[in-house]
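Participant: The following block contains the structure, expressed as structure tokens.
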Amino acid sequence: VHLIPVNPIREDGLNPKSRKRIMPDLLTEPPAIDPVYEAHVYCNIPTIAERSMEGHAPHYFKLVSVQVLIRHGDRYPLYAIPKTKRPDIDCMLVPRRKPSHPQLEAFIKHMSKGSAAQMDGSLSSLPRYPSHSLCEMGELTQTGVVQHLRNGQQLREIYINKHKLLPSDWTAKQLYLETTGKSRTLQSALALLYTFLPDFDWKKINMRHQWSTIFCSGSCDCPMRNHYLEEEQRRQYSLRVKNNDLEKVYVDMAKIVGIPTRQLRASNPIDSLLCYFCHNVTFPCTKTGCIGMEHFKVIKRHQLEDERERQEKKLYFLYALLATHPFLNQTVNRLQRIAEGKKEEVFVLYSAHDVTLSPVLSALGITEARFPRFAARLVFELWQDGKRPKEHFIRILYNGADVTFQTSFCKDHYKHSSKPMCPLEKFVNFVKRDMFLIFNSTSYYDACRRRAL
């Protein structure tokens with residue numbers, strides 16, 4: 001069959017080829033740094049449904065475990081710009097207010113019955129959902145709750161409905177749940193869990209408290225990790241001092257609000273301005289003038305340039321390897337146990353922060369990844385080969401995109417493999433051995449006390 005293209009003549013007699021049409025390609029990202037575009041991506045406002053690659057594998061593969069590391073959802077700022085009115089954001093959950101979710105009302109009702117859950121230590125005293133008419137500092141917003149209700153729903157459709165990862169009569173032992181001690185991380189975990197396992201039995205919920213934002217548990221003593229973090233902070237400071245545009249903006253903003261420049265800088269204004277931006281609230285004004293979009297763009301652009309240089313300079317990478325080894329080691333140990341046939345902890349949820357996800361991405365070698373947006377998710381999938389049941393493979397996904405072959409330990413594997421995933425042993429060898437090569441060491445303890453080559 002030969003299909004011959006023709007140019008149809010329209011009703012108005014014009015050949016459509018003769019009229020210039022511009023078709024916007026919404027999936028094409030701007031080539032240069034666009035601070036406004038990047039800020040929109042960071043906000044992650046729930047609008048259209050996301051496409052995701054989670055749960056994709058050849059039909060003869062069986063999904064046996066999923067481990068999810070999330071950043072909390074949208075929150076109120078942690079810092080205030082001195083002498084300005086705080087952004088007016090309502091943290092009450094109102095199902096009819098946008099952005100909303102079909103299960104938001106049911107979520108609120110279910111959270112009010114949560115006294116039967118087992119919550120480690122101080123977690124039991126935290127509220128299970130946000131409820132202030134004017135948000136408190138760092139509090140999860142309705143947007144943040146909705147972001148994770150959507151995450152949980154998406155993961156349910158793939159992992160429960162399609163792959164039957166958990167049976168309908170799942171037990172507490174099949175889940176492992178861990179969160180830092182902030183209300184925003186606990187509430188984000190509960191929102192995701194609610195749509196992942198709707199109307200779950202609270203008696204089956206055992207939420208563990210992680211005191212460390214890098215989830216290092218009992219292996220946090222690491223002098224060289226602290227050394228590389230200090231070096232990285234010096235690099236950040238040096239880049240900031242060299243940026244004349246940034247300095248001018250800080251001076252200008254400090255005049256507007258009537259405080260010394262160094263005090264404005266210490267108040268971390270980008271954190272507060274991102275809240276205004278994400279919630280479409282006008283930037284603050286005083287009698288002297290207004291903070292505007294041009295100020296915001298310069299600070300946001302510097303933040304993006306800083307991330308780019310951070311990837312190039314490797315100090316952060318060295319910090320990340322040492323910071324994340326305890327977490328990755330725990331992850332690998334669990335995957336190995338499940339590969340050996342254990343049926344416990346097949347679904348794992350860690351609820352954390354940008355300072356948790358960012359070093360994990362860096363340590364794995366996923367350098368193309370954006371800085372963790374609100375409600376970012378990093379997923380480790382463990383698959384069993386149905387034709388060779390002793391062989392297990394992993395897939396790693398970031399915000400629904402398959403990044404398995406961006407990792408340092410598996411980027412060469414796909415060239416000579418017909419399977420769209422990575423052998424589990426490659427991940428095991430990386431965590432147990434290869435992570436330490438750059439430190440000329442063979443163990444975490446030794447690497448924590450030895451300078452890199």
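Identifiers in the structure tokens: chain A, B, ... in order shown; residue index from 1 per chain; ligand index from 1 in order shown.
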Skipping near chain neighbours, those fewer than 3 positions away, what residues fall within 6 Å of stretch 108-119 of chain A using only C-alpha atoms, listed as a PyMOL selection string?
Facilitator: chain A and resi 105+123-124+202-203+205-207
Participant: Report as a count of residues only all protein, DNA and RNA residues lying within 12 Å of A:Val94, evaluated on only C-alpha atoms, omitting residues in the same chain fewer than 6 positions from it.
Facilitator: 19
Participant: Give the answer as one residue: which of A:Leu357, A:Glu307, A:Leu229, A:Lys248 has the shortest atom-to-atom distance to A:Ile33, using only C-alpha atoms?
Facilitator: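 Using only C-alpha atoms, the shortest distance to A:Ile33 belongs to A:Glu307.
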Participant: Would you kindly return, as a list of chain:residue names, each protein, DNA or RNA residue with an atom no farther than 7 Å from any atom of stretch 374-388 of chain A, considering only C-alpha atoms and excluding same-chain residues fewer than 5 positions away?
Facilitator: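 After dropping sequence-adjacent residues, the list is A:Tyr42, A:Cys43, A:Asn44, A:Tyr60, A:Phe61, A:Lys62, A:Leu63, A:Val64, A:Ser65, A:Val66, A:Gln67, A:Val68, A:Leu69, A:Ile70, A:Arg71, A:His72, A:Gly73, A:Asp74, A:Gln147, A:His148, A:Phe393, A:Ile394, A:Arg395, A:Ile396, A:Leu397, A:Tyr398, A:Asn399.
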Participant: Within 12 Å of A:Ser267, counting only C-alpha atoms, which residues qualify if same-chain residues fewer than 4 places away don't, as a count of residues only?
Facilitator: 19
Participant: For A:Asn280, please output as a PyMOL selection string all residues within 12 Å (counting only C-alpha atoms; exclusion window: fewer than 5 positions along the same chain).
Facilitator: chain A and resi 39-40+43+45+87-89+273-275+293
Participant: Show me, as an MDAnalysis selection string, the residues that have an atom within 12 Å of A:Leu322 when counting only C-alpha atoms, minus same-chain residues fewer than 5 positions from it.
Facilitator: chainID A and resid 214:216 219:229 315:317 327:329 359:360 362:364 431 435:439 441 443:452
Participant: Write down as a PyMOL selection string the residues of stretch 343-382 of chain A whose backbone DSSP state falls under alpha helix (DSSP H).
Facilitator: chain A and resi 354-364
Participant: Nearest residue to A:Lys98 out of A:Asn333, A:His279, A:Arg86, A:His353, using only C-alpha atoms?
Facilitator: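 Ranked by minimum distance to A:Lys98, first place goes to A:His279.
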Participant: From the list A:Lys162, A:Lys432, A:Lys411, A:Lys313, which residue is nearest A:Leu239 when using only C-alpha atoms?
Facilitator: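 Distance minimum relative to A:Leu239 lands on A:Lys313.
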